[in-house]
file start.cif (mmCIF, C-alpha atoms)
data_run
loop_
_atom_site.label_atom_id
_atom_site.label_comp_id
_atom_site.auth_asym_id
_atom_site.auth_seq_id
_atom_site.Cartn_x
_atom_site.Cartn_y
_atom_site.Cartn_z
CA MET Q 832 0.00 0.00 0.00
CA GLY Q 833 1.78 3.17 -1.26
CA GLY Q 834 4.31 5.38 0.44
CA GLY Q 835 7.90 4.57 1.21
CA THR Q 836 9.62 4.72 4.55
CA GLY Q 837 10.78 8.29 3.86
CA THR Q 838 7.20 9.53 3.94
CA THR Q 839 6.47 7.61 7.13
CA GLN Q 840 9.62 8.91 8.84
CA ALA Q 841 8.87 12.48 7.74
CA ALA Q 842 5.35 12.21 9.15
CA ARG Q 843 6.76 11.07 12.50
CA ALA Q 844 9.44 13.76 12.47
CA GLU Q 845 6.98 16.64 12.78
CA VAL Q 846 3.84 17.21 14.83
CA THR Q 847 1.78 20.38 14.66
CA LEU Q 848 -0.70 21.27 17.38
CA ARG Q 849 -3.39 23.90 16.87
CA PRO Q 850 -4.52 26.38 19.54
CA GLY Q 851 -7.21 25.06 21.88
CA VAL Q 852 -10.50 25.31 19.98
CA ARG Q 853 -12.56 25.37 23.18
CA LYS Q 854 -10.58 28.30 24.57
CA TRP Q 855 -10.27 30.40 21.40
CA GLY Q 856 -13.70 29.39 20.12
CA GLY Q 857 -15.25 30.29 23.48
CA TYR Q 858 -13.68 33.72 23.39
CA LEU Q 859 -14.80 34.15 19.78
CA LEU Q 860 -18.37 33.23 20.75
CA LEU Q 861 -18.20 35.69 23.65
CA MET Q 862 -17.06 38.47 21.29
CA LEU Q 863 -19.86 37.67 18.83
CA ILE Q 864 -22.46 37.77 21.61
CA LEU Q 865 -21.02 41.06 22.86
CA GLY Q 866 -21.15 42.44 19.30
CA ALA Q 867 -24.76 41.37 18.81
CA SER Q 868 -25.65 42.95 22.15
CA GLY Q 869 -23.91 46.12 21.04
CA VAL Q 870 -25.96 46.23 17.84
CA PHE Q 871 -29.21 45.90 19.82
CA MET Q 872 -28.11 48.58 22.29
CA VAL Q 873 -27.25 51.00 19.46
CA GLN Q 874 -30.63 50.32 17.84
CA ASP Q 875 -32.27 51.13 21.18
CA GLY Q 876 -30.39 54.43 21.30
CA ARG Q 877 -28.02 53.43 24.11
CA PRO Q 878 -24.52 54.84 23.46
CA VAL Q 879 -22.85 52.06 25.49
CA GLY Q 880 -23.60 49.81 22.51
CA TRP Q 881 -20.84 51.58 20.57
CA ALA Q 882 -18.35 50.63 23.30
CA ALA Q 883 -19.47 47.00 23.07
CA LEU Q 884 -18.96 47.10 19.30
CA ALA Q 885 -15.57 48.80 19.69
CA VAL Q 886 -14.40 45.89 21.86
CA SER Q 887 -16.17 43.00 20.16
CA VAL Q 888 -15.25 43.60 16.52
CA PRO Q 889 -11.45 43.68 16.95
CA GLY Q 890 -11.77 40.97 19.62
CA ALA Q 891 -13.65 38.67 17.26
CA VAL Q 892 -11.11 39.29 14.50
CA LEU Q 893 -8.23 38.48 16.87
CA MET Q 894 -9.90 35.30 18.15
CA ALA Q 895 -10.68 34.09 14.61
CA TRP Q 896 -7.09 34.83 13.60
CA GLY Q 897 -5.82 32.91 16.63
CA LEU Q 898 -7.87 29.88 15.65
CA LEU Q 899 -6.85 29.91 11.99
CA SER Q 900 -3.32 31.31 11.90
CA LYS Q 901 -0.42 28.93 11.29
CA ARG Q 902 1.69 31.25 13.41
CA MET Q 903 -0.25 30.35 16.56
CA ARG Q 904 0.42 26.62 16.22
CA LEU Q 905 2.98 24.61 18.17
CA ARG Q 906 5.28 22.77 15.78
CA LEU Q 907 7.42 19.95 17.16
CA THR Q 908 10.24 18.53 15.04
CA GLN Q 909 13.20 16.28 15.68
CA ALA Q 910 15.40 19.37 15.94
CA GLY Q 911 13.22 21.47 18.22
CA PHE Q 912 9.96 23.33 18.58
CA GLU Q 913 8.39 26.62 17.56
CA PHE Q 914 5.32 28.55 18.54
CA GLY Q 915 3.95 32.01 18.02
CA THR Q 916 2.05 34.74 19.74
CA ALA Q 917 0.27 37.71 18.23
CA ARG Q 918 3.54 39.60 18.62
CA LYS Q 919 6.30 37.20 17.62
CA GLN Q 920 7.33 33.74 16.45
CA TYR Q 921 9.69 31.75 18.72
CA SER Q 922 11.92 28.81 17.81
CA TYR Q 923 14.15 26.70 20.06
CA LEU Q 924 16.29 23.61 19.70
CA TRP Q 925 15.68 20.72 22.07
CA SER Q 926 19.28 21.14 23.20
CA ASP Q 927 18.42 24.72 24.32
CA VAL Q 928 16.03 23.38 26.96
CA GLU Q 929 17.10 21.72 30.18
CA ALA Q 930 13.65 20.87 31.56
CA PHE Q 931 9.91 21.19 30.94
CA GLY Q 932 7.33 21.44 33.67
CA VAL Q 933 3.97 22.83 34.69
CA ALA Q 934 3.44 26.00 36.70
CA ASP Q 935 0.28 27.51 38.17
CA PHE Q 936 -0.20 31.22 37.65
CA ALA Q 937 -3.05 33.51 36.64
CA ARG Q 938 -5.50 30.79 37.79
CA LYS Q 939 -4.29 28.43 35.07
CA GLN Q 940 -1.68 25.77 34.48
CA TRP Q 941 0.99 26.53 31.90
CA VAL Q 942 3.71 24.46 30.27
CA CYS Q 943 6.98 26.10 31.27
CA PHE Q 944 10.58 25.41 30.44
CA ILE Q 945 14.03 26.24 31.69
CA PHE Q 946 16.90 26.80 29.30
CA GLY Q 947 20.14 24.90 29.66
CA PRO Q 948 23.36 26.67 30.64
CA SER Q 949 24.55 26.85 27.03
CA TYR Q 950 21.52 28.92 25.89
CA HIS Q 951 22.12 32.65 25.76
CA GLY Q 952 19.40 35.12 24.94
CA GLU Q 953 16.14 36.62 26.16
CA GLU Q 954 17.77 37.58 29.46
CA ARG Q 955 15.18 40.18 30.46
CA VAL Q 956 12.17 37.94 30.11
CA ARG Q 957 14.03 35.04 31.69
CA ILE Q 958 14.92 37.12 34.76
CA THR Q 959 11.34 38.32 35.12
CA ASN Q 960 9.90 34.82 34.74
CA GLN Q 961 12.43 33.34 37.18
CA VAL Q 962 11.49 35.93 39.81
CA PHE Q 963 7.74 35.39 39.66
CA GLY Q 964 7.48 31.77 38.51
CA GLY Q 965 10.79 29.93 38.69
CA PHE Q 966 10.99 29.21 34.96
CA ASP Q 967 12.52 30.88 31.89
CA ARG Q 968 9.69 30.75 29.33
CA PHE Q 969 6.21 29.31 28.94
CA LEU Q 970 4.02 28.22 26.05
CA PRO Q 971 1.15 30.62 25.31
CA ASP Q 972 -1.43 27.84 25.00
CA THR Q 973 -1.91 24.19 25.91
CA TYR Q 974 -3.15 23.44 22.37
CA GLY Q 975 -6.27 21.62 23.50
CA MET Q 976 -4.38 19.38 25.94
CA ARG Q 977 -3.89 19.32 29.68
CA ALA Q 978 -0.67 21.08 30.66
CA GLU Q 979 0.78 17.93 32.26
CA GLU Q 980 0.05 15.92 29.13
CA LEU Q 981 1.69 18.47 26.85
CA ALA Q 982 4.76 18.93 29.05
#

call {"tool": "encode", "arguments": {"input": "start.cif", "output": "structure tokens"}}
result
Amino acid sequence: MGGGTGTTQAARAEVTLRPGVRKWGGYLLLMLILGASGVFMVQDGRPVGWAALAVSVPGAVLMAWGLLSKRMRLRLTQAGFEFGTARKQYSYLWSDVEAFGVADFARKQWVCFIFGPSYHGEERVRITNQVFGGFDRFLPDTYGMRAEELA
């Protein structure tokens, strides 16, 4: 049945995880409800409806982008991993990371990691994260998984 071992090995060499649909989809739904409420408030002559629209329209666009954008996915390869935020794309080699773990902050569990001694860079954010959480960096999403499972 078709396909050589190269295709099979390539498929195993890379895994891509999408942002959590429940989380991003829930926020998108919330923005759409807020927007619809804003429309009804404006139709009723209540100026606060414009504020609801001013928040919901860009919010809905951002949530839809987060769900659909390739940039927001977690890509795992044999060499390392990469993920993105609305601001920037990040890429690390497995050899850059000493340990992965789970930390509780902001009423949520996050997958965190600590760089090995040979990794140099991102000193400011690493110092800040070490002070308040005891880790160097964290993933921006759990990609539809439990934090412990992903770590």

call {"tool": "residues_around", "arguments": {"input": "start.cif", "residues": "segment 941-945 of chain Q", "least_positions_apart": "5", "cutoff": "12 Å", "atoms": "all atoms listed in the file", "output": "JSON, numbers by chain"}}
result
{"Q": [923, 925, 926, 927, 928, 929, 930, 931, 932, 933, 934, 935, 936, 950, 951, 953, 956, 957, 958, 960, 961, 964, 965, 966, 967, 968, 969, 970, 971, 972, 973, 974, 976, 977, 978, 979, 980, 981, 982]}

call {"tool": "resolve_selection", "arguments": {"input": "start.cif", "expression": "the PyMOL selection byres ((chain Q and resi 849-858) around 6)", "output": "list in words"}}
result
Leu848, Leu859, Leu860, Leu861, Met894, Arg904, Tyr974 and Gly975 of chain Q

call {"tool": "resolve_selection", "arguments": {"input": "start.cif", "expression": "the PyMOL selection byres ((chain Q and resi 918) around 12)", "output": "list in words"}}
result
Leu893, Gly897, Arg902, Met903, Phe914, Gly915, Thr916, Ala917, Lys919, Gln920, Tyr921 and Pro971 of chain Q

call {"tool": "resolve_selection", "arguments": {"input": "start.cif", "expression": "the PyMOL selection byres ((chain Q and resi 910) around 9)", "output": "number ranges by chain"}}
result
Q: 844, 907-909, 911-912, 923-926

call {"tool": "atom_distance", "arguments": {"input": "start.cif", "atom1": "atom CA of Val879 of chain Q", "atom2": "atom CA of Ala895 of chain Q"}}
result
24.3 Å

call {"tool": "atom_distance", "arguments": {"input": "start.cif", "atom1": "atom CA of Leu905 of chain Q", "atom2": "atom CA of Ser922 of chain Q"}}
result
9.9 Å

call {"tool": "atom_distance", "arguments": {"input": "start.cif", "atom1": "atom CA of Leu863 of chain Q", "atom2": "atom CA of Leu899 of chain Q"}}
result
16.6 Å

call {"tool": "axis_aligned_box", "arguments": {"input": "start.cif", "around": "segment 922-940 of chain Q", "padding_each_side": "4 Å", "output": "AutoDock Vina command-line options"}}
result
--center_x 6.9 --center_y 27.1 --center_z 28.0 --size_x 32.8 --size_y 20.8 --size_z 28.4

call {"tool": "residues_around", "arguments": {"input": "start.cif", "residues": "Gly866 of chain Q", "least_positions_apart": "2", "cutoff": "7 Å", "atoms": "all atoms listed in the file", "output": "ChimeraX atom specification"}}
result
/Q:862-864,868-870,883-884,887-888

call {"tool": "decode", "arguments": {"input": "start.cif", "residues": "segment 900-934 of chain Q", "atoms": "N, CA, C and O atoms", "output": "PDB file, in the first residue's frame"}}
result
ATOM      1  N   SER Q 900      -4.677  30.952  12.292  1.00  0.00           N
ATOM      2  CA  SER Q 900      -3.316  31.313  11.900  1.00  0.00           C
ATOM      3  C   SER Q 900      -2.323  30.177  12.129  1.00  0.00           C
ATOM      4  O   SER Q 900      -2.288  29.561  13.198  1.00  0.00           O
ATOM      5  N   LYS Q 901      -1.491  29.916  11.139  1.00  0.00           N
ATOM      6  CA  LYS Q 901      -0.423  28.928  11.291  1.00  0.00           C
ATOM      7  C   LYS Q 901       0.598  29.396  12.319  1.00  0.00           C
ATOM      8  O   LYS Q 901       1.262  28.597  12.951  1.00  0.00           O
ATOM      9  N   ARG Q 902       0.719  30.685  12.471  1.00  0.00           N
ATOM     10  CA  ARG Q 902       1.687  31.251  13.409  1.00  0.00           C
ATOM     11  C   ARG Q 902       1.401  30.850  14.854  1.00  0.00           C
ATOM     12  O   ARG Q 902       2.298  30.727  15.671  1.00  0.00           O
ATOM     13  N   MET Q 903       0.146  30.639  15.186  1.00  0.00           N
ATOM     14  CA  MET Q 903      -0.248  30.347  16.562  1.00  0.00           C
ATOM     15  C   MET Q 903      -0.142  28.861  16.908  1.00  0.00           C
ATOM     16  O   MET Q 903      -0.446  28.455  18.015  1.00  0.00           O
ATOM     17  N   ARG Q 904       0.308  28.056  15.986  1.00  0.00           N
ATOM     18  CA  ARG Q 904       0.424  26.616  16.220  1.00  0.00           C
ATOM     19  C   ARG Q 904       1.754  26.267  16.882  1.00  0.00           C
ATOM     20  O   ARG Q 904       2.734  26.980  16.747  1.00  0.00           O
ATOM     21  N   LEU Q 905       1.754  25.157  17.578  1.00  0.00           N
ATOM     22  CA  LEU Q 905       2.976  24.606  18.169  1.00  0.00           C
ATOM     23  C   LEU Q 905       3.482  23.532  17.221  1.00  0.00           C
ATOM     24  O   LEU Q 905       2.770  22.573  16.921  1.00  0.00           O
ATOM     25  N   ARG Q 906       4.685  23.722  16.720  1.00  0.00           N
ATOM     26  CA  ARG Q 906       5.283  22.768  15.784  1.00  0.00           C
ATOM     27  C   ARG Q 906       6.450  22.076  16.474  1.00  0.00           C
ATOM     28  O   ARG Q 906       7.374  22.738  16.947  1.00  0.00           O
ATOM     29  N   LEU Q 907       6.388  20.756  16.536  1.00  0.00           N
ATOM     30  CA  LEU Q 907       7.422  19.946  17.159  1.00  0.00           C
ATOM     31  C   LEU Q 907       8.139  19.157  16.068  1.00  0.00           C
ATOM     32  O   LEU Q 907       7.490  18.470  15.279  1.00  0.00           O
ATOM     33  N   THR Q 908       9.446  19.283  16.009  1.00  0.00           N
ATOM     34  CA  THR Q 908      10.236  18.532  15.037  1.00  0.00           C
ATOM     35  C   THR Q 908      11.327  17.767  15.779  1.00  0.00           C
ATOM     36  O   THR Q 908      11.493  17.929  16.990  1.00  0.00           O
ATOM     37  N   GLN Q 909      12.089  16.984  15.054  1.00  0.00           N
ATOM     38  CA  GLN Q 909      13.204  16.277  15.682  1.00  0.00           C
ATOM     39  C   GLN Q 909      14.253  17.254  16.189  1.00  0.00           C
ATOM     40  O   GLN Q 909      14.915  16.990  17.182  1.00  0.00           O
ATOM     41  N   ALA Q 910      14.383  18.399  15.549  1.00  0.00           N
ATOM     42  CA  ALA Q 910      15.402  19.374  15.938  1.00  0.00           C
ATOM     43  C   ALA Q 910      14.966  20.261  17.103  1.00  0.00           C
ATOM     44  O   ALA Q 910      15.794  20.679  17.907  1.00  0.00           O
ATOM     45  N   GLY Q 911      13.668  20.562  17.177  1.00  0.00           N
ATOM     46  CA  GLY Q 911      13.218  21.473  18.221  1.00  0.00           C
ATOM     47  C   GLY Q 911      11.742  21.775  18.117  1.00  0.00           C
ATOM     48  O   GLY Q 911      10.966  20.986  17.591  1.00  0.00           O
ATOM     49  N   PHE Q 912      11.368  22.957  18.592  1.00  0.00           N
ATOM     50  CA  PHE Q 912       9.959  23.335  18.576  1.00  0.00           C
ATOM     51  C   PHE Q 912       9.830  24.827  18.317  1.00  0.00           C
ATOM     52  O   PHE Q 912      10.749  25.597  18.560  1.00  0.00           O
ATOM     53  N   GLU Q 913       8.671  25.201  17.787  1.00  0.00           N
ATOM     54  CA  GLU Q 913       8.386  26.619  17.559  1.00  0.00           C
ATOM     55  C   GLU Q 913       6.925  26.890  17.821  1.00  0.00           C
ATOM     56  O   GLU Q 913       6.071  26.022  17.672  1.00  0.00           O
ATOM     57  N   PHE Q 914       6.674  28.102  18.261  1.00  0.00           N
ATOM     58  CA  PHE Q 914       5.317  28.548  18.541  1.00  0.00           C
ATOM     59  C   PHE Q 914       5.278  30.044  18.321  1.00  0.00           C
ATOM     60  O   PHE Q 914       6.305  30.702  18.206  1.00  0.00           O
ATOM     61  N   GLY Q 915       4.081  30.581  18.247  1.00  0.00           N
ATOM     62  CA  GLY Q 915       3.951  32.011  18.024  1.00  0.00           C
ATOM     63  C   GLY Q 915       2.924  32.635  18.945  1.00  0.00           C
ATOM     64  O   GLY Q 915       2.087  31.955  19.528  1.00  0.00           O
ATOM     65  N   THR Q 916       3.037  33.922  19.048  1.00  0.00           N
ATOM     66  CA  THR Q 916       2.050  34.741  19.735  1.00  0.00           C
ATOM     67  C   THR Q 916       1.607  35.791  18.733  1.00  0.00           C
ATOM     68  O   THR Q 916       2.120  35.850  17.616  1.00  0.00           O
ATOM     69  N   ALA Q 917       0.701  36.641  19.130  1.00  0.00           N
ATOM     70  CA  ALA Q 917       0.267  37.705  18.233  1.00  0.00           C
ATOM     71  C   ALA Q 917       1.442  38.630  17.897  1.00  0.00           C
ATOM     72  O   ALA Q 917       1.478  39.239  16.842  1.00  0.00           O
ATOM     73  N   ARG Q 918       2.411  38.690  18.782  1.00  0.00           N
ATOM     74  CA  ARG Q 918       3.539  39.601  18.623  1.00  0.00           C
ATOM     75  C   ARG Q 918       4.733  39.009  17.882  1.00  0.00           C
ATOM     76  O   ARG Q 918       5.394  39.694  17.116  1.00  0.00           O
ATOM     77  N   LYS Q 919       5.030  37.736  18.111  1.00  0.00           N
ATOM     78  CA  LYS Q 919       6.296  37.200  17.622  1.00  0.00           C
ATOM     79  C   LYS Q 919       6.256  35.685  17.474  1.00  0.00           C
ATOM     80  O   LYS Q 919       5.497  35.008  18.145  1.00  0.00           O
ATOM     81  N   GLN Q 920       7.126  35.180  16.624  1.00  0.00           N
ATOM     82  CA  GLN Q 920       7.333  33.743  16.449  1.00  0.00           C
ATOM     83  C   GLN Q 920       8.603  33.346  17.212  1.00  0.00           C
ATOM     84  O   GLN Q 920       9.593  34.061  17.177  1.00  0.00           O
ATOM     85  N   TYR Q 921       8.559  32.223  17.929  1.00  0.00           N
ATOM     86  CA  TYR Q 921       9.692  31.746  18.720  1.00  0.00           C
ATOM     87  C   TYR Q 921      10.100  30.368  18.231  1.00  0.00           C
ATOM     88  O   TYR Q 921       9.246  29.555  17.872  1.00  0.00           O
ATOM     89  N   SER Q 922      11.402  30.098  18.257  1.00  0.00           N
ATOM     90  CA  SER Q 922      11.921  28.814  17.815  1.00  0.00           C
ATOM     91  C   SER Q 922      13.100  28.424  18.695  1.00  0.00           C
ATOM     92  O   SER Q 922      13.996  29.245  18.939  1.00  0.00           O
ATOM     93  N   TYR Q 923      13.092  27.182  19.179  1.00  0.00           N
ATOM     94  CA  TYR Q 923      14.147  26.699  20.064  1.00  0.00           C
ATOM     95  C   TYR Q 923      14.556  25.292  19.652  1.00  0.00           C
ATOM     96  O   TYR Q 923      13.721  24.506  19.188  1.00  0.00           O
ATOM     97  N   LEU Q 924      15.803  24.971  19.876  1.00  0.00           N
ATOM     98  CA  LEU Q 924      16.290  23.612  19.696  1.00  0.00           C
ATOM     99  C   LEU Q 924      16.025  22.836  20.981  1.00  0.00           C
ATOM    100  O   LEU Q 924      16.009  23.422  22.068  1.00  0.00           O
ATOM    101  N   TRP Q 925      15.857  21.522  20.861  1.00  0.00           N
ATOM    102  CA  TRP Q 925      15.676  20.718  22.067  1.00  0.00           C
ATOM    103  C   TRP Q 925      16.884  20.855  22.985  1.00  0.00           C
ATOM    104  O   TRP Q 925      16.745  20.857  24.208  1.00  0.00           O
ATOM    105  N   SER Q 926      18.058  21.008  22.387  1.00  0.00           N
ATOM    106  CA  SER Q 926      19.277  21.137  23.196  1.00  0.00           C
ATOM    107  C   SER Q 926      19.338  22.464  23.961  1.00  0.00           C
ATOM    108  O   SER Q 926      20.126  22.595  24.897  1.00  0.00           O
ATOM    109  N   ASP Q 927      18.492  23.441  23.585  1.00  0.00           N
ATOM    110  CA  ASP Q 927      18.425  24.717  24.318  1.00  0.00           C
ATOM    111  C   ASP Q 927      17.731  24.553  25.672  1.00  0.00           C
ATOM    112  O   ASP Q 927      17.929  25.364  26.573  1.00  0.00           O
ATOM    113  N   VAL Q 928      16.900  23.522  25.791  1.00  0.00           N
ATOM    114  CA  VAL Q 928      16.032  23.376  26.959  1.00  0.00           C
ATOM    115  C   VAL Q 928      16.563  22.298  27.907  1.00  0.00           C
ATOM    116  O   VAL Q 928      16.865  21.187  27.486  1.00  0.00           O
ATOM    117  N   GLU Q 929      16.657  22.666  29.159  1.00  0.00           N
ATOM    118  CA  GLU Q 929      17.102  21.722  30.180  1.00  0.00           C
ATOM    119  C   GLU Q 929      15.940  20.909  30.740  1.00  0.00           C
ATOM    120  O   GLU Q 929      16.075  19.729  31.015  1.00  0.00           O
ATOM    121  N   ALA Q 930      14.785  21.568  30.948  1.00  0.00           N
ATOM    122  CA  ALA Q 930      13.651  20.874  31.555  1.00  0.00           C
ATOM    123  C   ALA Q 930      12.329  21.553  31.182  1.00  0.00           C
ATOM    124  O   ALA Q 930      12.277  22.760  30.977  1.00  0.00           O
ATOM    125  N   PHE Q 931      11.287  20.728  31.119  1.00  0.00           N
ATOM    126  CA  PHE Q 931       9.913  21.194  30.945  1.00  0.00           C
ATOM    127  C   PHE Q 931       9.158  20.887  32.226  1.00  0.00           C
ATOM    128  O   PHE Q 931       9.469  19.941  32.928  1.00  0.00           O
ATOM    129  N   GLY Q 932       8.148  21.676  32.501  1.00  0.00           N
ATOM    130  CA  GLY Q 932       7.328  21.442  33.671  1.00  0.00           C
ATOM    131  C   GLY Q 932       6.016  22.190  33.560  1.00  0.00           C
ATOM    132  O   GLY Q 932       5.708  22.788  32.531  1.00  0.00           O
ATOM    133  N   VAL Q 933       5.262  22.157  34.631  1.00  0.00           N
ATOM    134  CA  VAL Q 933       3.967  22.828  34.688  1.00  0.00           C
ATOM    135  C   VAL Q 933       3.992  23.790  35.861  1.00  0.00           C
ATOM    136  O   VAL Q 933       4.456  23.439  36.947  1.00  0.00           O
ATOM    137  N   ALA Q 934       3.515  24.998  35.633  1.00  0.00           N
ATOM    138  CA  ALA Q 934       3.437  25.996  36.705  1.00  0.00           C
ATOM    139  C   ALA Q 934       2.029  26.563  36.752  1.00  0.00           C
ATOM    140  O   ALA Q 934       1.364  26.690  35.729  1.00  0.00           O
TER     141      ALA Q 934
END
